file structure-v7.cif (mmCIF, C-alpha atoms)
data_run
#
loop_
_atom_site.label_atom_id
_atom_site.label_comp_id
_atom_site.auth_asym_id
_atom_site.auth_seq_id
_atom_site.Cartn_x
_atom_site.Cartn_y
_atom_site.Cartn_z
CA MET A 179 86.62 8.52 -59.50
CA SER A 180 84.33 11.19 -60.93
CA VAL A 181 85.60 13.73 -63.46
CA ASN A 182 84.88 17.44 -63.07
CA ILE A 183 84.18 19.29 -66.31
CA LYS A 184 86.52 22.07 -65.14
CA ASP A 185 89.38 19.55 -65.04
CA VAL A 186 88.90 18.41 -68.64
CA PRO A 187 91.55 19.76 -71.08
CA ARG A 188 90.16 21.90 -73.92
CA SER A 189 91.69 19.53 -76.46
CA GLY A 190 93.33 16.14 -76.49
CA THR A 191 92.67 12.47 -77.14
CA VAL A 192 90.44 10.01 -75.33
CA ARG A 193 90.62 6.23 -75.41
CA THR A 194 87.12 4.83 -75.87
CA ASN A 195 85.51 1.79 -77.45
CA GLY A 196 88.90 0.56 -78.62
CA GLN A 197 89.67 3.86 -80.38
CA GLU A 198 91.76 6.96 -79.75
CA LEU A 199 89.54 9.95 -80.51
CA TYR A 200 90.73 13.52 -80.89
CA TYR A 201 88.48 16.29 -79.52
CA GLU A 202 88.42 20.07 -79.01
CA ILE A 203 86.19 22.18 -76.77
CA HIS A 204 85.28 25.76 -77.70
CA GLY A 205 83.25 28.16 -75.56
CA ASP A 206 81.04 27.53 -72.56
CA GLY A 207 77.37 26.80 -72.01
CA PRO A 208 75.13 23.82 -72.81
CA PRO A 209 77.17 21.08 -74.55
CA LEU A 210 76.81 20.77 -78.32
CA ILE A 211 78.64 17.99 -80.21
CA LEU A 212 79.44 18.60 -83.91
CA LEU A 213 79.94 15.54 -86.14
CA MET A 214 81.43 15.78 -89.63
CA GLY A 215 80.71 13.63 -92.68
CA ILE A 216 82.66 10.89 -94.44
CA GLY A 217 86.32 11.50 -95.15
CA TYR A 218 86.60 14.85 -93.37
CA ASP A 219 87.75 15.89 -89.93
CA SER A 220 86.24 18.37 -87.51
CA SER A 221 88.40 21.28 -88.70
CA LEU A 222 85.74 22.20 -91.28
CA TRP A 223 83.43 23.17 -88.41
CA THR A 224 85.95 25.81 -87.30
CA LEU A 225 85.44 27.85 -90.49
CA GLN A 226 81.84 28.99 -89.94
CA GLN A 227 80.18 27.14 -87.06
CA VAL A 228 82.58 27.36 -84.10
CA PRO A 229 82.87 31.19 -84.12
CA ALA A 230 79.08 31.57 -84.14
CA LEU A 231 78.01 28.69 -81.91
CA SER A 232 80.73 28.83 -79.25
CA THR A 233 79.36 32.15 -77.99
CA GLN A 234 76.33 30.31 -76.60
CA PHE A 235 77.37 26.66 -76.33
CA ARG A 236 80.24 24.50 -75.14
CA VAL A 237 81.00 23.25 -78.63
CA VAL A 238 82.72 19.86 -78.72
CA LEU A 239 84.44 18.89 -81.96
CA VAL A 240 85.44 15.30 -82.50
CA ASP A 241 87.33 13.60 -85.31
CA ASN A 242 85.52 10.39 -86.17
CA ARG A 243 87.55 7.19 -86.07
CA ASP A 244 89.65 6.90 -89.25
CA ALA A 245 89.68 10.70 -89.74
CA GLY A 246 91.82 13.67 -88.76
CA ARG A 247 93.80 13.29 -85.56
CA SER A 248 91.82 10.29 -84.32
CA ALA A 249 93.35 6.83 -84.63
CA ARG A 250 92.94 4.67 -87.69
CA ALA A 251 90.84 1.56 -87.11
CA ASP A 252 92.26 -1.91 -87.69
CA HIS A 253 89.01 -3.68 -88.57
CA PRO A 254 85.62 -3.03 -90.22
CA TYR A 255 82.95 -1.26 -88.16
CA THR A 256 79.45 0.19 -88.34
CA VAL A 257 77.85 3.59 -87.81
CA ALA A 258 76.51 2.18 -84.53
CA ASP A 259 80.12 1.61 -83.41
CA MET A 260 80.84 5.27 -84.14
CA ALA A 261 77.85 6.31 -82.02
CA ASP A 262 79.24 4.22 -79.16
CA ASP A 263 82.60 5.98 -79.64
CA LEU A 264 80.77 9.21 -78.96
CA ALA A 265 79.13 7.92 -75.77
CA GLY A 266 82.55 6.97 -74.43
CA LEU A 267 83.93 10.38 -75.33
CA LEU A 268 81.14 12.05 -73.37
CA ASP A 269 82.01 9.90 -70.35
CA ALA A 270 85.62 11.02 -70.54
CA LEU A 271 84.62 14.68 -70.87
CA ALA A 272 82.17 14.49 -67.94
CA ILE A 273 79.22 15.38 -70.18
CA HIS A 274 76.07 13.51 -69.22
CA ARG A 275 73.65 15.07 -71.73
CA THR A 276 74.30 17.02 -74.90
CA HIS A 277 72.81 18.55 -78.00
CA LEU A 278 74.12 16.99 -81.22
CA LEU A 279 74.54 18.38 -84.73
CA GLY A 280 75.59 16.02 -87.50
CA LEU A 281 76.29 16.67 -91.18
CA SER A 282 75.85 13.89 -93.76
CA MET A 283 77.46 10.76 -92.24
CA GLY A 284 77.63 12.76 -89.01
CA SER A 285 73.83 12.83 -89.08
CA MET A 286 73.82 9.03 -89.40
CA ILE A 287 75.98 8.81 -86.29
CA GLY A 288 73.54 11.21 -84.64
CA VAL A 289 70.60 8.97 -85.50
CA GLU A 290 72.31 5.92 -84.01
CA PHE A 291 73.30 7.92 -80.93
CA ALA A 292 69.69 9.05 -80.49
CA LEU A 293 68.51 5.44 -80.65
CA ARG A 294 71.28 3.81 -78.60
CA HIS A 295 71.92 6.52 -76.00
CA ALA A 296 68.60 8.35 -75.78
CA ALA A 297 69.04 9.40 -72.14
CA ARG A 298 72.16 11.36 -73.09
CA LEU A 299 70.64 13.46 -75.87
CA ASP A 300 68.79 16.76 -75.46
CA ARG A 301 68.14 18.00 -79.01
CA LEU A 302 69.19 16.59 -82.38
CA VAL A 303 70.00 18.48 -85.58
CA LEU A 304 70.41 16.41 -88.75
CA ALA A 305 71.91 18.29 -91.71
CA GLY A 306 71.85 16.62 -95.12
CA PRO A 307 70.75 13.27 -93.69
CA ASN A 308 70.20 9.93 -95.38
CA ALA A 309 68.74 7.15 -93.25
CA ALA A 310 69.04 4.27 -95.70
CA PRO A 311 71.89 4.32 -98.24
CA ALA A 312 71.98 0.51 -97.89
CA ARG A 313 68.67 0.32 -99.78
CA SER A 314 70.19 1.83 -102.95
CA ALA A 315 71.83 -0.51 -105.45
CA VAL A 316 74.18 2.34 -106.41
CA ASP A 317 75.30 5.19 -104.15
CA PRO A 318 77.70 8.07 -104.93
CA ILE A 319 79.82 7.07 -101.95
CA SER A 320 80.65 3.71 -103.54
CA ILE A 321 81.90 5.56 -106.62
CA TRP A 322 83.92 8.02 -104.54
CA ASN A 323 85.42 5.11 -102.65
CA TRP A 324 86.62 3.48 -105.88
CA VAL A 325 88.07 6.76 -107.12
CA LYS A 326 89.81 7.37 -103.77
CA ALA A 327 91.54 3.98 -104.04
CA ASN A 328 92.61 4.45 -107.65
CA ASP A 329 93.37 8.17 -108.01
CA SER A 330 97.04 8.69 -107.19
CA THR A 331 96.93 12.49 -107.59
CA GLY A 332 93.65 13.07 -105.75
CA GLU A 333 92.51 15.46 -108.49
CA VAL A 334 89.69 13.26 -109.79
CA PHE A 335 88.52 12.52 -106.25
CA GLY A 336 88.52 16.23 -105.45
CA GLY A 337 86.54 16.97 -108.60
CA GLN A 338 83.98 14.31 -107.67
CA GLN A 339 83.62 15.78 -104.21
CA PHE A 340 83.27 19.37 -105.36
CA SER A 341 80.73 18.64 -108.11
CA TRP A 342 78.46 16.76 -105.69
CA LEU A 343 78.93 18.73 -102.48
CA PHE A 344 79.02 22.39 -103.54
CA SER A 345 76.50 24.56 -105.36
CA SER A 346 76.71 25.71 -108.97
CA ALA A 347 77.18 29.29 -107.76
CA PHE A 348 80.26 28.23 -105.78
CA LEU A 349 81.69 26.14 -108.62
CA ARG A 350 81.45 29.17 -110.94
CA ASN A 351 83.59 31.18 -108.50
CA GLN A 352 86.94 29.86 -109.70
CA GLN A 353 89.00 31.73 -107.12
CA ALA A 354 86.90 30.36 -104.26
CA VAL A 355 87.21 26.84 -105.66
CA GLN A 356 90.99 27.11 -105.99
CA GLU A 357 91.34 28.52 -102.47
CA THR A 358 89.13 25.80 -101.00
CA MET A 359 90.99 23.05 -102.83
CA ALA A 360 94.30 24.45 -101.55
CA MET A 361 92.94 24.58 -98.00
CA LEU A 362 91.78 20.95 -98.13
CA ALA A 363 95.05 19.83 -99.75
CA SER A 364 97.00 21.42 -96.90
CA ASN A 365 95.26 19.33 -94.22
CA PRO A 366 98.12 17.74 -92.24
CA ASN A 367 95.97 14.70 -91.43
CA PRO A 368 94.47 13.48 -94.70
CA VAL A 369 92.26 10.39 -94.75
CA GLU A 370 94.03 7.51 -96.49
CA PRO A 371 92.22 5.26 -99.02
CA LYS A 372 91.98 2.30 -96.61
CA ALA A 373 90.56 4.49 -93.85
CA TYR A 374 88.13 6.06 -96.30
CA ASP A 375 87.07 2.58 -97.42
CA ARG A 376 86.23 1.57 -93.84
CA GLN A 377 84.12 4.70 -93.37
CA ALA A 378 82.51 4.13 -96.77
CA GLN A 379 81.54 0.54 -95.93
CA ALA A 380 79.95 1.70 -92.66
CA TYR A 381 78.10 4.41 -94.60
CA LEU A 382 76.91 2.09 -97.38
CA GLN A 383 75.63 -0.54 -94.93
CA PHE A 384 73.59 1.98 -92.93
CA ASP A 385 69.81 1.54 -92.79
CA ALA A 386 67.89 3.10 -89.92
CA LEU A 387 64.75 4.08 -91.84
CA ASP A 388 62.44 1.66 -90.05
CA ARG A 389 63.89 2.59 -86.64
CA LEU A 390 63.54 6.38 -86.87
CA GLY A 391 60.20 6.24 -85.04
CA GLY A 392 62.15 5.32 -81.92
CA ILE A 393 63.91 8.71 -81.71
CA LYS A 394 62.57 10.57 -78.68
CA ALA A 395 64.68 13.74 -78.82
CA PRO A 396 63.26 16.90 -80.41
CA THR A 397 64.73 16.86 -83.91
CA LEU A 398 65.41 19.45 -86.60
CA VAL A 399 66.23 18.28 -90.15
CA ILE A 400 67.98 20.84 -92.38
CA VAL A 401 68.62 20.43 -96.09
CA GLY A 402 69.52 22.67 -99.01
CA GLU A 403 67.23 22.98 -102.00
CA GLN A 404 70.19 22.29 -104.31
CA ASP A 405 71.65 19.40 -102.29
CA LEU A 406 72.63 16.68 -104.78
CA LEU A 407 73.87 14.03 -102.34
CA THR A 408 70.86 14.08 -99.99
CA PRO A 409 68.18 16.03 -101.87
CA PRO A 410 65.14 17.45 -100.08
CA TRP A 411 63.01 14.36 -100.73
CA VAL A 412 65.57 12.21 -98.88
CA ALA A 413 65.62 14.65 -95.94
CA ARG A 414 61.82 14.69 -95.93
CA GLU A 415 61.81 10.88 -95.80
CA VAL A 416 63.93 11.15 -92.63
CA ALA A 417 61.87 13.93 -91.04
CA ASP A 418 58.57 12.18 -91.75
CA ARG A 419 59.69 9.07 -89.86
CA ILE A 420 60.90 10.88 -86.71
CA PRO A 421 58.08 11.81 -84.32
CA ARG A 422 57.38 15.58 -84.37
CA ALA A 423 60.57 16.34 -86.32
CA ARG A 424 60.74 19.69 -88.11
CA LEU A 425 62.05 19.99 -91.68
CA GLU A 426 63.71 23.20 -92.87
CA ILE A 427 64.61 23.54 -96.56
CA VAL A 428 67.01 26.40 -97.35
CA ASN A 429 66.47 27.80 -100.84
CA GLY A 430 68.53 29.79 -103.32
CA ASP A 431 72.21 30.13 -104.18
CA GLY A 432 74.56 28.10 -102.01
CA SER A 433 71.86 25.71 -100.80
CA SER A 434 74.13 22.71 -101.35
CA HIS A 435 75.05 19.67 -99.29
CA LEU A 436 77.69 21.83 -97.64
CA LEU A 437 75.05 24.28 -96.48
CA PRO A 438 76.94 25.02 -93.21
CA LEU A 439 79.85 26.40 -95.29
CA GLU A 440 77.96 28.05 -98.15
CA ARG A 441 75.05 29.54 -96.20
CA PRO A 442 76.48 29.75 -92.67
CA ASP A 443 74.36 32.64 -91.38
CA ASP A 444 71.08 30.97 -92.33
CA PHE A 445 72.28 27.57 -91.14
CA ASN A 446 73.62 28.81 -87.81
CA GLN A 447 70.46 30.80 -87.13
CA LEU A 448 68.27 27.73 -87.67
CA VAL A 449 70.46 25.71 -85.29
CA VAL A 450 70.62 28.36 -82.55
CA GLU A 451 66.90 29.09 -82.60
CA PHE A 452 66.01 25.40 -82.44
CA LEU A 453 68.41 24.63 -79.60
CA ALA A 454 67.13 27.65 -77.65
CA GLU A 455 63.49 26.49 -77.70
#
call {"tool": "encode", "arguments": {"input": "structure-v7.cif", "output": "structure tokens"}}
result
Amino acid sequence: MSVNIKDVPRSGTVRTNGQELYYEIHGDGPPLILLMGIGYDSSLWTLQQVPALSTQFRVVLVDNRDAGRSARADHPYTVADMADDLAGLLDALAIHRTHLLGLSMGSMIGVEFALRHAARLDRLVLAGPNAAPARSAVDPISIWNWVKANDSTGEVFGGQQFSWLFSSAFLRNQQAVQETMAMLASNPNPVEPKAYDRQAQAYLQFDALDRLGGIKAPTLVIVGEQDLLTPPWVAREVADRIPRARLEIVNGDGSSHLLPLERPDDFNQLVVEFLAE
């Protein structure tokens, strides 16, 4: 039985690839999937991206397995498994082809989706990407993972996250930091240490660098000048390997790994203009 997009609920859960995935749909227009990074759920996209992008696109938010309102996994998995989760979600939502925007680990899922499900992808936006953390003997995510498992209060873990993910300008705004920490602490669906560890292992084992030449979709790579986790040279390494990919480096205050939150107007404009080409 075929599914009509008009019959699809605007939010809910879908059973796919052995997982229960939570999704939300905002707006109407060409489909655009937003994928968040390690340890976070899709609610962060609702702060700055959904209001701007849902005026032109049917924005689909999804909580990755082991995050937010999606089910917790019961076994190890890979980034490729998460890309297959997404393909199953699209089936359930009656979406044959889509644009895709991924941040950090979300960009890794986007890369695997582009390689494994090329016929279902229109345009690809990779924000703060890293195509080969597995090649590094030491990666910040392995340190975060240890802290997550051993930090009972969450304060050290939060400090680690903030010092790597946000800009110096943001960190000097003590009120903004306190408000953001309070917002994150109030998340009703926090990611537990064991779930974070499964995501971290998938992240740390990821290496698609030598396969990036197989991406056929038009691709935009966006990175902040001050990004510590995936600095511009890492993003350039990704863009250089993808045929005809475009690299945009955002400069100045707020040009951190969390560029979509700190520089939303610039970020959203780059995304909209690229998807409209």
call {"tool": "residues_near_point", "arguments": {"input": "structure-v7.cif", "point": "(91.8, -2.7, -85.0)", "cutoff": "12 Å", "atoms": "all atoms listed in the file", "output": "PyMOL selection string"}}
result
chain A and resi 195-198+243-244+249-255+373+376
call {"tool": "residues_around", "arguments": {"input": "structure-v7.cif", "residues": "A:Met286", "least_positions_apart": "4", "cutoff": "8 Å", "atoms": "all atoms listed in the file", "output": "JSON list (two decimals) with C-alpha atoms, in the frame of the given file"}}
result
[["chain", "number", "residue", "atom", "x", "y", "z"],
["A", 257, "VAL", "CA", 77.85, 3.59, -87.81],
["A", 280, "GLY", "CA", 75.59, 16.02, -87.50],
["A", 282, "SER", "CA", 75.85, 13.89, -93.76],
["A", 290, "GLU", "CA", 72.31, 5.92, -84.01],
["A", 307, "PRO", "CA", 70.75, 13.27, -93.69],
["A", 308, "ASN", "CA", 70.20, 9.93, -95.38],
["A", 309, "ALA", "CA", 68.74, 7.15, -93.25],
["A", 384, "PHE", "CA", 73.59, 1.98, -92.93]]
call {"tool": "resolve_selection", "arguments": {"input": "structure-v7.cif", "expression": "the PyMOL selection byres ((chain A and resi 188) around 6)", "output": "JSON, numbers by chain"}}
result
{"A": [187, 189, 202, 203]}
call {"tool": "resolve_selection", "arguments": {"input": "structure-v7.cif", "expression": "the PyMOL selection byres ((chain A and resi 258) around 8)", "output": "list in words"}}
result
Thr256, Val257, Asp259, Met260, Ala261, Asp262, Ile287, Glu290 and Phe291 of chain A
call {"tool": "closest_residue", "arguments": {"input": "structure-v7.cif", "among": "A:Ala363, A:Ala270, A:Val416, A:Leu406", "to": "A:Thr331", "atoms": "all atoms listed in the file"}}
result
A:Ala363
call {"tool": "resolve_selection", "arguments": {"input": "structure-v7.cif", "expression": "the PyMOL selection byres ((chain A and resi 320) around 12)", "output": "MDAnalysis selection string"}}
result
chainID A and resid 216 311:312 314:319 321:327 338 374:383
call {"tool": "residues_around", "arguments": {"input": "structure-v7.cif", "residues": "A:Glu426", "least_positions_apart": "6", "cutoff": "8 Å", "atoms": "all atoms listed in the file", "output": "PDB file with C-alpha atoms, keeping the file's coordinate frame"}}
result
ATOM      1  CA  LEU A 398      65.410  19.450 -86.600  1.00  0.00           C
ATOM      2  CA  VAL A 399      66.230  18.280 -90.150  1.00  0.00           C
ATOM      3  CA  ILE A 400      67.980  20.840 -92.380  1.00  0.00           C
ATOM      4  CA  VAL A 401      68.620  20.430 -96.090  1.00  0.00           C
TER       5      VAL A 401
END
call {"tool": "atom_distance", "arguments": {"input": "structure-v7.cif", "atom1": "atom CA of A:Leu362", "atom2": "atom CA of A:Asp219"}}
result
10.4 Å
